[in-house]
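Visitor: My structure is stored as entry_28.cif, with mmCIF, C-alpha atoms.
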```
data_my_file
#
loop_
_atom_site.label_atom_id
_atom_site.label_comp_id
_atom_site.auth_asym_id
_atom_site.auth_seq_id
_atom_site.Cartn_x
_atom_site.Cartn_y
_atom_site.Cartn_z
CA MET A 76 -35.40 8.35 13.77
CA ARG A 77 -36.93 6.37 10.90
CA ALA A 78 -37.02 9.54 8.84
CA THR A 79 -33.33 10.09 9.52
CA ASN A 80 -32.56 6.52 8.50
CA ALA A 81 -34.59 6.82 5.33
CA LEU A 82 -32.92 10.09 4.41
CA ALA A 83 -29.46 8.66 5.00
CA LEU A 84 -30.18 5.50 3.07
CA PHE A 85 -31.70 7.46 0.20
CA PHE A 86 -28.66 9.66 -0.21
CA VAL A 87 -25.94 7.26 0.85
CA SER A 88 -25.45 6.00 -2.70
CA PHE A 89 -23.93 9.39 -3.50
CA ALA A 90 -21.08 8.52 -1.15
CA TYR A 91 -20.54 5.13 -2.76
CA ALA A 92 -17.63 4.36 -5.05
CA GLN A 93 -15.69 7.47 -4.18
CA LEU A 94 -12.46 6.54 -2.40
CA HIS A 95 -10.02 7.13 -5.26
CA THR A 96 -12.01 10.06 -6.62
CA LEU A 97 -12.09 11.69 -3.20
CA ALA A 98 -8.42 10.90 -2.55
CA LYS A 99 -7.38 12.73 -5.69
CA SER A 100 -9.60 15.68 -4.83
CA ALA A 101 -7.99 15.74 -1.37
CA GLY A 102 -4.51 15.96 -2.90
CA LEU A 103 -3.37 12.33 -2.97
CA LEU A 104 -2.16 10.48 -6.03
CA TYR A 105 -4.30 7.40 -5.41
CA PHE A 106 -6.41 5.23 -3.15
CA GLY A 107 -5.90 1.56 -3.94
CA THR A 108 -5.97 -2.06 -2.87
CA ALA A 109 -3.83 -5.15 -2.92
CA THR A 110 -5.34 -8.18 -4.61
CA ASP A 111 -4.78 -11.79 -5.60
CA ASN A 112 -7.55 -11.31 -8.18
CA PRO A 113 -9.58 -14.37 -7.17
CA ALA A 114 -11.50 -16.08 -9.94
CA ASN A 115 -15.24 -16.73 -10.10
CA ASP A 116 -16.31 -13.92 -7.80
CA PRO A 117 -18.22 -11.37 -9.91
CA ALA A 118 -19.05 -9.07 -6.98
CA TYR A 119 -15.41 -8.89 -5.92
CA SER A 120 -14.16 -8.41 -9.48
CA ALA A 121 -16.63 -5.62 -10.18
CA THR A 122 -15.60 -3.78 -7.03
CA LEU A 123 -11.90 -4.26 -7.74
CA SER A 124 -12.36 -2.76 -11.19
CA ASN A 125 -14.39 0.19 -9.93
CA THR A 126 -11.78 2.87 -10.42
CA SER A 127 -13.79 5.49 -8.55
CA ASP A 128 -12.99 3.44 -5.47
CA PHE A 129 -9.65 1.87 -6.38
CA GLY A 130 -7.37 3.75 -8.73
CA GLN A 131 -4.32 1.72 -7.79
CA ILE A 132 -3.54 -1.99 -7.49
CA THR A 133 -0.77 -3.91 -5.72
CA PRO A 134 -0.19 -7.57 -6.68
CA ALA A 135 -0.38 -9.27 -3.28
CA ASN A 136 1.69 -12.36 -4.12
CA GLN A 137 2.21 -12.62 -7.85
CA GLN A 138 5.50 -10.69 -8.05
CA LYS A 139 7.28 -12.36 -5.16
CA TRP A 140 10.43 -14.37 -5.76
CA ASP A 141 8.84 -17.83 -5.53
CA SER A 142 6.25 -16.89 -8.15
CA ILE A 143 8.66 -15.30 -10.62
CA GLU A 144 11.90 -17.30 -10.33
CA PRO A 145 11.03 -20.71 -8.83
CA ASP A 146 14.23 -22.23 -10.23
CA PRO A 147 17.62 -20.57 -10.79
CA GLY A 148 17.47 -18.42 -13.91
CA SER A 149 14.00 -19.71 -14.84
CA PHE A 150 11.57 -16.78 -14.90
CA THR A 151 7.82 -16.99 -15.26
CA PHE A 152 5.76 -13.81 -15.20
CA ILE A 153 2.32 -15.12 -16.11
CA ARG A 154 0.77 -14.61 -12.66
CA GLY A 155 2.19 -11.15 -12.26
CA ASP A 156 1.25 -10.26 -15.81
CA GLY A 157 -2.36 -11.13 -15.02
CA ILE A 158 -2.54 -8.39 -12.38
CA VAL A 159 -0.64 -5.98 -14.63
CA SER A 160 -3.09 -6.65 -17.45
CA LEU A 161 -5.99 -5.98 -15.09
CA ALA A 162 -4.44 -2.65 -14.08
CA GLU A 163 -3.84 -1.75 -17.70
CA ASN A 164 -7.40 -2.55 -18.73
CA ASN A 165 -8.76 -0.48 -15.85
CA ARG A 166 -6.21 2.33 -16.21
CA GLN A 167 -5.15 1.79 -12.58
CA ILE A 168 -1.79 2.79 -11.13
CA LEU A 169 0.40 -0.20 -10.33
CA ARG A 170 2.50 -0.48 -7.15
CA CYS A 171 4.76 -3.48 -7.62
CA HIS A 172 5.58 -5.77 -4.70
CA THR A 173 8.20 -7.07 -3.76
CA LEU A 174 11.77 -7.76 -4.91
CA VAL A 175 13.69 -8.79 -1.77
CA TRP A 176 11.99 -10.39 1.20
CA HIS A 177 12.87 -13.13 3.63
CA GLN A 178 9.67 -15.09 2.98
CA GLN A 179 8.11 -16.73 -0.06
CA LEU A 180 11.58 -17.54 -1.33
CA PRO A 181 12.18 -20.70 -3.34
CA SER A 182 14.27 -23.27 -1.49
CA TRP A 183 17.19 -22.81 -3.86
CA VAL A 184 17.53 -19.27 -2.47
CA SER A 185 16.69 -19.73 1.20
CA GLY A 186 18.55 -23.03 1.52
CA GLY A 187 21.38 -22.46 -0.95
CA THR A 188 25.09 -22.58 -0.24
CA TRP A 189 26.25 -19.08 -1.04
CA THR A 190 29.32 -16.92 -1.16
CA LYS A 191 29.10 -13.14 -1.26
CA ALA A 192 29.89 -13.22 -4.97
CA THR A 193 27.34 -15.88 -5.93
CA LEU A 194 24.50 -14.45 -3.86
CA THR A 195 25.19 -10.95 -5.15
CA THR A 196 24.97 -12.28 -8.70
CA ALA A 197 21.71 -14.12 -7.98
CA LEU A 198 20.22 -11.08 -6.28
CA GLU A 199 21.21 -8.68 -9.03
CA ASN A 200 19.99 -11.05 -11.72
CA HIS A 201 16.59 -11.59 -10.09
CA ILE A 202 16.00 -7.88 -9.60
CA THR A 203 17.27 -6.92 -13.05
CA GLU A 204 15.15 -9.50 -14.86
CA THR A 205 12.02 -8.74 -12.84
CA VAL A 206 12.21 -4.96 -12.94
CA THR A 207 13.19 -4.96 -16.62
CA HIS A 208 10.18 -7.12 -17.46
CA TYR A 209 7.87 -4.57 -15.83
CA LYS A 210 9.88 -1.50 -16.82
CA GLY A 211 7.70 1.55 -17.33
CA GLN A 212 4.65 -0.19 -15.86
CA CYS A 213 5.16 0.25 -12.11
CA TYR A 214 4.68 3.56 -10.36
CA ALA A 215 6.73 2.14 -7.51
CA TRP A 216 8.55 -1.00 -6.40
CA ASP A 217 8.78 -2.25 -2.83
CA VAL A 218 12.45 -3.06 -3.32
CA VAL A 219 13.25 -4.39 0.15
CA ASN A 220 10.49 -5.63 2.44
CA GLU A 221 10.75 -6.13 6.20
CA ALA A 222 14.51 -6.15 6.70
CA LEU A 223 14.27 -5.30 10.41
CA ASN A 224 13.41 -6.98 13.69
CA ASP A 225 11.25 -5.19 16.22
CA ASN A 226 14.32 -4.23 18.27
CA GLY A 227 15.85 -2.44 15.29
CA THR A 228 18.43 -5.08 14.39
CA PHE A 229 18.61 -6.58 10.94
CA ARG A 230 16.65 -9.75 10.34
CA ASN A 231 18.80 -12.88 10.13
CA ASP A 232 17.81 -14.08 6.69
CA VAL A 233 19.87 -15.48 3.84
CA PHE A 234 20.60 -12.05 2.43
CA PHE A 235 21.83 -10.44 5.64
CA ASN A 236 23.69 -13.53 6.83
CA VAL A 237 25.79 -13.66 3.65
CA LEU A 238 25.98 -10.06 2.49
CA GLY A 239 25.36 -8.06 5.63
CA GLU A 240 23.35 -4.86 5.33
CA ASP A 241 25.03 -4.21 1.96
CA TYR A 242 22.33 -6.37 0.36
CA ILE A 243 19.92 -3.45 0.72
CA LYS A 244 22.24 -1.14 -1.22
CA ILE A 245 22.76 -3.83 -3.88
CA ALA A 246 19.01 -4.27 -4.25
CA PHE A 247 18.22 -0.58 -4.60
CA GLU A 248 21.05 0.02 -7.06
CA SER A 249 19.98 -2.94 -9.20
CA ALA A 250 16.37 -1.76 -9.26
CA ALA A 251 17.40 1.82 -10.10
CA ALA A 252 19.53 0.64 -13.01
CA ALA A 253 16.73 -1.56 -14.39
CA ASP A 254 14.00 1.11 -14.27
CA PRO A 255 15.18 4.68 -13.62
CA ALA A 256 11.57 5.91 -13.66
CA ALA A 257 10.07 3.70 -10.94
CA LYS A 258 9.85 4.96 -7.38
CA LEU A 259 11.95 2.76 -5.10
CA TYR A 260 10.57 2.02 -1.62
CA TYR A 261 11.61 0.41 1.61
CA ASN A 262 8.46 -1.25 3.07
CA ASP A 263 7.87 -2.46 6.64
CA PHE A 264 5.40 -2.89 9.50
CA SER A 265 5.58 -1.49 13.04
CA ILE A 266 7.40 1.64 11.89
CA GLU A 267 4.27 3.81 12.09
CA THR A 268 5.25 5.30 15.47
CA PRO A 269 8.62 6.04 17.11
CA SER A 270 10.46 2.87 18.17
CA PRO A 271 13.89 1.25 17.80
CA LYS A 272 12.62 -0.34 14.59
CA THR A 273 11.48 3.04 13.26
CA THR A 274 14.88 4.52 14.06
CA ALA A 275 16.53 1.66 12.17
CA ALA A 276 14.28 2.31 9.16
CA LEU A 277 15.23 5.99 9.24
CA ASN A 278 18.86 4.90 9.32
CA ILE A 279 18.35 2.75 6.21
CA VAL A 280 17.17 5.86 4.37
CA LYS A 281 20.07 7.93 5.69
CA SER A 282 22.61 5.23 4.85
CA LEU A 283 21.42 4.80 1.27
CA LYS A 284 21.35 8.53 0.66
CA ALA A 285 24.82 8.98 2.17
CA ALA A 286 26.10 6.32 -0.26
CA GLY A 287 24.47 8.10 -3.22
CA THR A 288 22.00 5.24 -3.69
CA ARG A 289 18.53 6.24 -4.77
CA ILE A 290 15.62 5.60 -2.43
CA ASP A 291 12.40 7.44 -3.19
CA GLY A 292 9.93 6.31 -0.56
CA VAL A 293 9.08 4.44 2.60
CA GLY A 294 5.95 2.32 2.89
CA PHE A 295 4.09 2.04 6.19
CA GLN A 296 2.24 -1.26 6.10
CA SER A 297 -0.14 -0.11 8.85
CA HIS A 298 -1.62 -3.40 10.01
CA PHE A 299 -3.44 -2.12 13.08
CA ILE A 300 -5.84 -3.36 15.77
CA VAL A 301 -9.21 -1.77 16.47
CA GLY A 302 -8.93 0.45 19.51
CA ALA A 303 -5.13 0.26 19.52
CA THR A 304 -4.45 2.13 16.30
CA PRO A 305 -1.93 4.97 16.70
CA SER A 306 -3.50 8.41 16.83
CA LYS A 307 -3.58 10.71 13.84
CA ALA A 308 -1.07 12.99 15.56
CA ALA A 309 1.34 10.14 16.29
CA GLN A 310 1.18 8.80 12.74
CA THR A 311 1.51 12.27 11.24
CA SER A 312 4.61 13.27 13.19
CA ASN A 313 6.21 9.91 12.52
CA MET A 314 5.66 10.17 8.76
CA GLN A 315 7.11 13.66 8.84
CA SER A 316 10.33 12.29 10.34
CA PHE A 317 10.76 10.32 7.12
CA THR A 318 9.68 13.00 4.68
CA ALA A 319 12.18 15.31 6.36
CA LEU A 320 14.87 13.05 4.90
CA GLY A 321 13.63 13.77 1.38
CA VAL A 322 11.56 10.65 0.67
CA GLU A 323 7.86 10.32 0.01
CA VAL A 324 5.72 8.00 2.13
CA ALA A 325 2.55 5.97 1.68
CA LEU A 326 0.26 3.68 3.64
CA THR A 327 0.90 0.49 1.69
CA GLU A 328 -1.02 -2.35 3.40
CA LEU A 329 -3.62 -0.75 5.64
CA ASP A 330 -6.07 -2.95 7.50
CA ILE A 331 -7.46 -2.78 11.03
CA ARG A 332 -8.44 -6.09 12.61
CA MET A 333 -10.82 -6.76 15.47
CA GLN A 334 -11.80 -9.65 17.68
CA VAL A 335 -14.66 -11.53 16.07
CA PRO A 336 -17.56 -11.66 16.00
CA SER A 337 -17.83 -7.97 15.30
CA THR A 338 -20.12 -5.70 17.31
CA PRO A 339 -21.59 -2.28 16.51
CA ALA A 340 -19.15 -0.74 18.97
CA LEU A 341 -16.15 -2.40 17.32
CA LEU A 342 -17.34 -1.41 13.86
CA THR A 343 -17.73 2.18 15.00
CA GLN A 344 -14.27 2.23 16.54
CA GLN A 345 -12.83 0.62 13.40
CA SER A 346 -14.39 3.40 11.34
CA THR A 347 -12.73 5.97 13.59
CA ASP A 348 -9.37 4.20 13.33
CA TYR A 349 -9.53 4.09 9.53
CA HIS A 350 -10.57 7.74 9.49
CA ASP A 351 -7.62 8.77 11.66
CA SER A 352 -5.06 6.74 9.70
CA VAL A 353 -6.14 8.15 6.34
CA SER A 354 -6.33 11.62 7.88
CA ALA A 355 -2.72 11.27 9.01
CA CYS A 356 -1.61 10.64 5.44
CA LEU A 357 -3.63 13.64 4.28
CA ALA A 358 -1.89 15.81 6.87
CA VAL A 359 1.58 15.03 5.47
CA ARG A 360 2.53 16.65 2.18
CA GLY A 361 4.90 13.83 1.31
CA CYS A 362 2.27 11.10 1.78
CA VAL A 363 1.19 10.22 -1.75
CA GLY A 364 -1.48 7.56 -1.28
CA VAL A 365 -3.23 4.82 0.66
CA THR A 366 -3.44 1.13 -0.22
CA VAL A 367 -5.56 -1.32 1.77
CA TRP A 368 -4.39 -4.92 1.99
CA ASP A 369 -7.36 -6.20 0.04
CA PHE A 370 -10.71 -4.54 0.55
CA GLY A 371 -13.00 -7.44 1.51
CA ASP A 372 -13.06 -9.56 4.65
CA LYS A 373 -13.74 -12.60 2.47
CA TYR A 374 -10.15 -12.59 1.23
CA SER A 375 -8.38 -11.11 4.25
CA TRP A 376 -5.14 -12.68 5.45
CA VAL A 377 -6.02 -11.86 9.07
CA PRO A 378 -8.18 -14.82 10.22
CA SER A 379 -5.60 -17.42 9.15
CA THR A 380 -2.82 -15.52 10.93
CA PHE A 381 -4.39 -14.03 14.07
CA THR A 382 -6.55 -16.52 15.93
CA GLY A 383 -9.83 -14.96 16.97
CA PHE A 384 -9.36 -11.85 14.82
CA GLY A 385 -10.83 -10.78 11.51
CA ALA A 386 -13.23 -8.29 9.91
CA ALA A 387 -10.24 -6.06 9.15
CA ASP A 388 -11.30 -4.57 5.83
CA LEU A 389 -13.56 -1.90 4.34
CA PHE A 390 -16.08 -4.40 2.90
CA ASP A 391 -17.58 -7.42 4.63
CA GLU A 392 -17.56 -11.00 3.35
CA GLU A 393 -20.51 -10.25 1.08
CA ILE A 394 -18.58 -7.30 -0.46
CA VAL A 395 -20.90 -4.83 1.28
CA ARG A 396 -19.45 -1.56 2.52
CA LYS A 397 -18.88 -1.35 6.27
CA PRO A 398 -18.81 1.73 8.51
CA ALA A 399 -15.03 1.70 8.01
CA TYR A 400 -15.54 2.56 4.35
CA PHE A 401 -17.52 5.64 5.31
CA GLY A 402 -14.93 6.57 7.90
CA VAL A 403 -12.46 6.81 5.03
CA VAL A 404 -14.99 8.74 2.93
CA ALA A 405 -15.42 11.20 5.81
CA ALA A 406 -11.65 11.69 6.11
CA LEU A 407 -11.15 12.24 2.39
CA ALA A 408 -14.23 14.39 1.86
CA GLY A 409 -13.54 16.42 4.99
CA SER A 410 -10.00 17.12 3.84
CA ALA A 411 -11.08 18.16 0.36
CA THR A 412 -13.72 20.48 1.83
CA SER A 413 -11.50 22.01 4.49
CA VAL A 414 -8.64 22.92 2.18
CA GLY A 415 -10.76 24.14 -0.74
CA THR A 416 -8.60 25.39 -3.58
CA ASN A 417 -5.46 25.55 -1.44
CA ARG A 418 -4.92 21.80 -1.60
CA THR A 419 -4.38 20.37 -5.06
CA ARG A 420 -3.33 17.14 -6.66
CA VAL A 421 -1.14 16.06 -9.53
CA ASP A 422 -1.88 13.44 -12.15
CA THR A 423 1.76 12.58 -12.80
CA ILE A 424 4.79 12.90 -10.57
CA SER A 425 8.30 13.34 -11.88
CA ARG A 426 10.71 10.56 -11.03
CA PRO A 427 14.23 11.63 -10.12
CA SER A 428 17.25 9.75 -11.41
CA ASN A 429 19.54 10.61 -8.50
CA GLY A 430 19.46 10.17 -4.75
CA THR A 431 16.70 12.72 -4.25
CA THR A 432 12.96 12.34 -4.36
CA SER A 433 10.20 14.43 -5.80
CA GLY A 434 8.09 15.19 -3.42
CA SER A 435 2.43 -7.66 3.70
CA PRO A 436 0.75 -9.16 5.75
CA ASN A 437 3.06 -11.38 7.74
CA ALA A 438 3.12 -14.16 10.28
CA ILE A 439 2.90 -13.21 13.92
CA SER A 440 5.28 -13.42 16.83
CA ASN A 441 4.14 -12.25 20.27
CA GLY A 442 1.31 -10.26 18.79
CA THR A 443 3.42 -8.56 16.13
CA ARG A 444 3.92 -9.47 12.51
CA SER A 445 7.11 -11.13 11.44
CA GLY A 446 6.45 -12.82 8.11
CA ASP A 447 3.92 -12.94 5.29
CA GLY A 448 0.89 -15.00 6.14
CA VAL A 449 -0.91 -14.66 2.82
CA ALA A 450 -1.19 -17.87 0.87
CA ALA A 451 -0.39 -17.39 -2.77
CA GLY A 452 -3.70 -16.90 -4.54
CA PRO A 453 -4.57 -17.98 -8.05
CA GLY A 454 -3.89 -14.55 -9.50
CA GLY A 455 -4.89 -13.79 -13.02
CA THR A 456 -3.86 -15.10 -16.39
CA GLY A 457 -2.97 -13.44 -19.62
CA VAL A 458 -0.18 -11.10 -20.51
CA GLY A 459 -0.42 -7.35 -20.63
CA SER A 460 1.36 -4.18 -19.72
CA ALA A 461 0.12 -1.54 -17.34
CA PRO A 462 -0.13 2.09 -18.37
CA ARG A 463 3.21 3.83 -18.38
CA ILE A 464 3.43 6.78 -16.04
CA THR A 465 5.34 9.50 -17.83
CA ALA A 466 8.49 10.59 -16.06
CA THR A 467 10.26 13.89 -16.44
CA PRO A 468 14.00 14.25 -15.87
CA THR A 469 13.81 17.11 -13.38
CA PRO A 470 12.60 16.35 -9.83
CA VAL A 471 9.92 18.57 -8.38
CA SER A 472 10.16 19.95 -4.89
CA GLU A 473 7.95 18.63 -2.13
CA ALA A 474 6.39 22.09 -1.87
CA ASP A 475 5.31 21.78 -5.50
CA PHE A 476 4.00 18.24 -5.08
CA ARG A 477 0.43 19.18 -4.26
CA SER A 478 0.18 22.23 -6.51
CA SER A 479 1.99 21.62 -9.77
CA ALA A 480 -0.76 20.38 -12.11
CA ALA A 481 -4.29 19.20 -12.76
CA VAL A 482 -6.10 21.20 -10.12
CA LYS A 483 -9.69 20.10 -9.81
CA SER A 484 -11.08 22.20 -7.02
CA SER A 485 -14.19 24.26 -7.57
CA PHE A 486 -17.13 25.53 -5.62
CA LEU A 487 -19.29 22.71 -6.97
CA GLN A 488 -16.71 20.08 -6.10
CA GLY A 489 -16.25 21.50 -2.62
CA SER A 490 -20.00 21.43 -2.07
CA THR A 491 -20.11 17.81 -3.25
CA MET A 492 -17.32 16.84 -0.88
CA GLY A 493 -19.15 18.48 1.98
CA MET A 494 -22.32 16.62 1.12
CA LEU A 495 -20.45 13.32 1.02
CA PHE A 496 -18.92 14.05 4.40
CA VAL A 497 -22.32 14.68 5.97
CA LEU A 498 -23.92 11.68 4.28
CA SER A 499 -21.13 9.36 5.35
CA ILE A 500 -21.73 10.36 8.98
CA LEU A 501 -25.48 9.78 8.52
CA PHE A 502 -24.80 6.31 7.13
CA MET A 503 -22.62 5.35 10.08
CA LEU A 504 -25.32 6.51 12.46
CA CYS A 505 -28.07 4.55 10.74
CA TYR A 506 -25.82 1.46 10.45
CA GLU A 507 -25.93 1.06 14.22
CA ILE A 508 -29.67 1.63 14.61
#
```
Would you mind writing the file out in structure tokens?
Guide:
Amino acid sequence: MRATNALALFFVSFAYAQLHTLAKSAGLLYFGTATDNPANDPAYSATLSNTSDFGQITPANQQKWDSIEPDPGSFTFIRGDGIVSLAENNRQILRCHTLVWHQQLPSWVSGGTWTKATLTTALENHITETVTHYKGQCYAWDVVNEALNDNGTFRNDVFFNVLGEDYIKIAFESAAAADPAAKLYYNDFSIETPSPKTTAALNIVKSLKAAGTRIDGVGFQSHFIVGATPSKAAQTSNMQSFTALGVEVALTELDIRMQVPSTPALLTQQSTDYHDSVSACLAVRGCVGVTVWDFGDKYSWVPSTFTGFGAADLFDEEIVRKPAYFGVVAALAGSATSVGTNRTRVDTISRPSNGTTSGSPNAISNGTRSGDGVAAGPGGTGVGSAPRITATPTPVSEADFRSSAAVKSSFLQGSTMGMLFVLSILFMLCYEI
């Protein structure tokens, strides 16, 4: 047994720092993380900037309404620009988050006295100014976040109460006009399996498309619980119900919490749950990537929101990889090995300009999430612009999504993926011994 442990530990470094690299080899566009970019944490910063692991970044709080427009017509982008500058320096894809959401609103919005005309103007102005500022820098925008209750009805927030469900159409049309190249997403939690809420999210997509309003994607937040995570089959079929409508999908805020303190059994189950969730994305052609909602337990939103729960991330509080990390490695490496040269990836994806498509952690109510529980972090400072992702005017078909360009599958690469798969399993075994 000691020999097995020594062998695994000797080779396990080969499986390190591979999530984004493996994701691309497996046919995804990215593997990434949300971040508040905390200061004075060299270990965290080094891991965040390791693009072999994280090739995509989502600003966790810095692009929300209260950060960008705290007073009417007064815009400040410095916190958001700090994350954008980080992404630019690291050549990481940027998923921008979020334009319209019922939480983290300044009081002048949430408590204002509005008419349909005045709120429409404020909404359009906020979206236009924000999206224009970051034009060409965001692969995607979460345009509307968490518009639905668990029973499938619309959330009673300031936007719905004044404008009705038309506010969603207004938001998407404003974002599309401000940046025709950015992918436009609806983002929500508890839509990862069939439910009244999932049906309502499907209806949002159908309604926007019927109106000729562009929507390109749906984000599955995927905040799960160890041992209660939906199966790979359930997640796969559910994602396919969305891609069948002509939108791409992504796991946008993945984390899997457990009761603390953690145990070897819980860590093993967490690794399985991460493996199955990532595998579900890999099984759906229209699933373009996976984002975890921060990668380290040290900065997780979970403990402050779910009493008695934590340890939800891929790295522990010392920024050391957990078995969950290697569960993801196994999923990605196993997929790349199993498909060989038949599964390919693309480095750029064309962005349609019509109604077709090419291809947050929240407070809790009765055990389900209902509002963002992440305190606004310090973010970064400095102004920069993220790398522009070149758009082409002609949409590509979903069938072409995985096979149109930049194929990097070879015998050597396949052998490497297989080795990583085996070594990741060895690491998980020795972790428990």
Visitor: If you count all atoms listed in the file, which residues fall within 8 Å of Met333 (chain A), apart from same-chain ones fewer than 2 positions away, as a ChimeraX atom specification?
Guide: /A:300-301,331,335,337,341,345,384-387
Visitor: Give me, please, the distance in Å between CA of Ala114 (chain A) and CA of Val219 (chain A), quoted to one decimal.
Guide: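 Atom-to-atom, CA of Ala114 (chain A) to CA of Val219 (chain A), that is 29.2 Å.
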Visitor: Please provide the set of residues having any atom within 10 Å of region 195-207 of chain A, restricted to all atoms listed in the file, with same-chain residues fewer than 5 positions apart removed, written as a VMD selection string.
Guide: chain A and resid 138 to 140 143 to 144 147 to 152 171 173 to 175 184 189 to 190 212 to 213 216 218 234 237 to 238 241 to 242 245 to 254 257
Visitor: Check the smallest atom-to-atom distance from each of A:Ala118, A:Asp391, A:Ser127, A:Pro134 to Ser100 (chain A) using all atoms listed in the file, then report the winner.
Guide: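 Result for the nearest residue to Ser100 (chain A): A:Ser127.
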Visitor: Rounded to one decimal in Å, what is the spacing between CA of Asn262 (chain A) and CA of Glu221 (chain A)?
Guide: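 According to the coordinates, CA of Asn262 (chain A) and CA of Glu221 (chain A) are separated by 6.2 Å.
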Visitor: Quick one: of A:Ile394, A:Val233, A:Ala358, A:Leu389, who's nearest to Ala406 (chain A), counting all atoms listed in the file?
Guide: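 Smallest distance to Ala406 (chain A) is found for A:Ala358.
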Visitor: When you count all atoms listed in the file, which of these residues is closest to Asp330 (chain A): A:Pro117, A:Thr108, A:Ser306, A:Phe317?
Guide: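 Going through A:Pro117, A:Thr108, A:Ser306, A:Phe317 one by one, the smallest distance to Asp330 (chain A) is for A:Thr108.
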Visitor: For CA of Asp388 (chain A) and CA of Thr366 (chain A), quote the distance in Å rounded to one decimal.
Guide: 11.4 Å
Visitor: From the list A:Ala399, A:Ile266, A:Ala405, A:Leu161, which residue is nearest Leu223 (chain A) when using all atoms listed in the file?
Guide: A:Ile266
Visitor: Run the PyMOL selection byres ((chain A and resi 179) around 9) mentally over the shown coordinates, then write out the matched residues as a compact mmCIF listing (two decimals) with C-alpha atoms, in the coordinates of the input, using the chain letters and numbers from the document.
Guide:
```txt
# COMPACT_ATOMS: atom_id res chain seq x y z
CA ASN A 136 1.69 -12.36 -4.12
CA LYS A 139 7.28 -12.36 -5.16
CA TRP A 140 10.43 -14.37 -5.76
CA ASP A 141 8.84 -17.83 -5.53
CA SER A 142 6.25 -16.89 -8.15
CA TRP A 176 11.99 -10.39 1.20
CA HIS A 177 12.87 -13.13 3.63
CA GLN A 178 9.67 -15.09 2.98
CA LEU A 180 11.58 -17.54 -1.33
CA PRO A 181 12.18 -20.70 -3.34
CA ASP A 447 3.92 -12.94 5.29
CA ALA A 451 -0.39 -17.39 -2.77
```
Visitor: Got a sec: who's within 6 Å of Gly364 (chain A), counting all atoms listed in the file, leaving out chain neighbours fewer than 4 positions off, as a list in words?
Guide: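 My list of contacting residues is Leu103, Leu104, Tyr105, Phe106 and Ala325 of chain A.
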Visitor: Using the chain letters and numbers from the file, give me the residues hit by the PyMOL selection byres ((chain A and resi 362) around 8), as a PDB file with C-alpha atoms, in the coordinates of the input.
Guide:
```pdb
ATOM      1  CA  LEU A 103      -3.370  12.330  -2.970  1.00  0.00           C
ATOM      2  CA  MET A 314       5.660  10.170   8.760  1.00  0.00           C
ATOM      3  CA  GLU A 323       7.860  10.320   0.010  1.00  0.00           C
ATOM      4  CA  VAL A 324       5.720   8.000   2.130  1.00  0.00           C
ATOM      5  CA  ALA A 325       2.550   5.970   1.680  1.00  0.00           C
ATOM      6  CA  LEU A 326       0.260   3.680   3.640  1.00  0.00           C
ATOM      7  CA  CYS A 356      -1.610  10.640   5.440  1.00  0.00           C
ATOM      8  CA  LEU A 357      -3.630  13.640   4.280  1.00  0.00           C
ATOM      9  CA  VAL A 359       1.580  15.030   5.470  1.00  0.00           C
ATOM     10  CA  ARG A 360       2.530  16.650   2.180  1.00  0.00           C
ATOM     11  CA  GLY A 361       4.900  13.830   1.310  1.00  0.00           C
ATOM     12  CA  VAL A 363       1.190  10.220  -1.750  1.00  0.00           C
ATOM     13  CA  GLY A 364      -1.480   7.560  -1.280  1.00  0.00           C
TER      14      GLY A 364
END
```
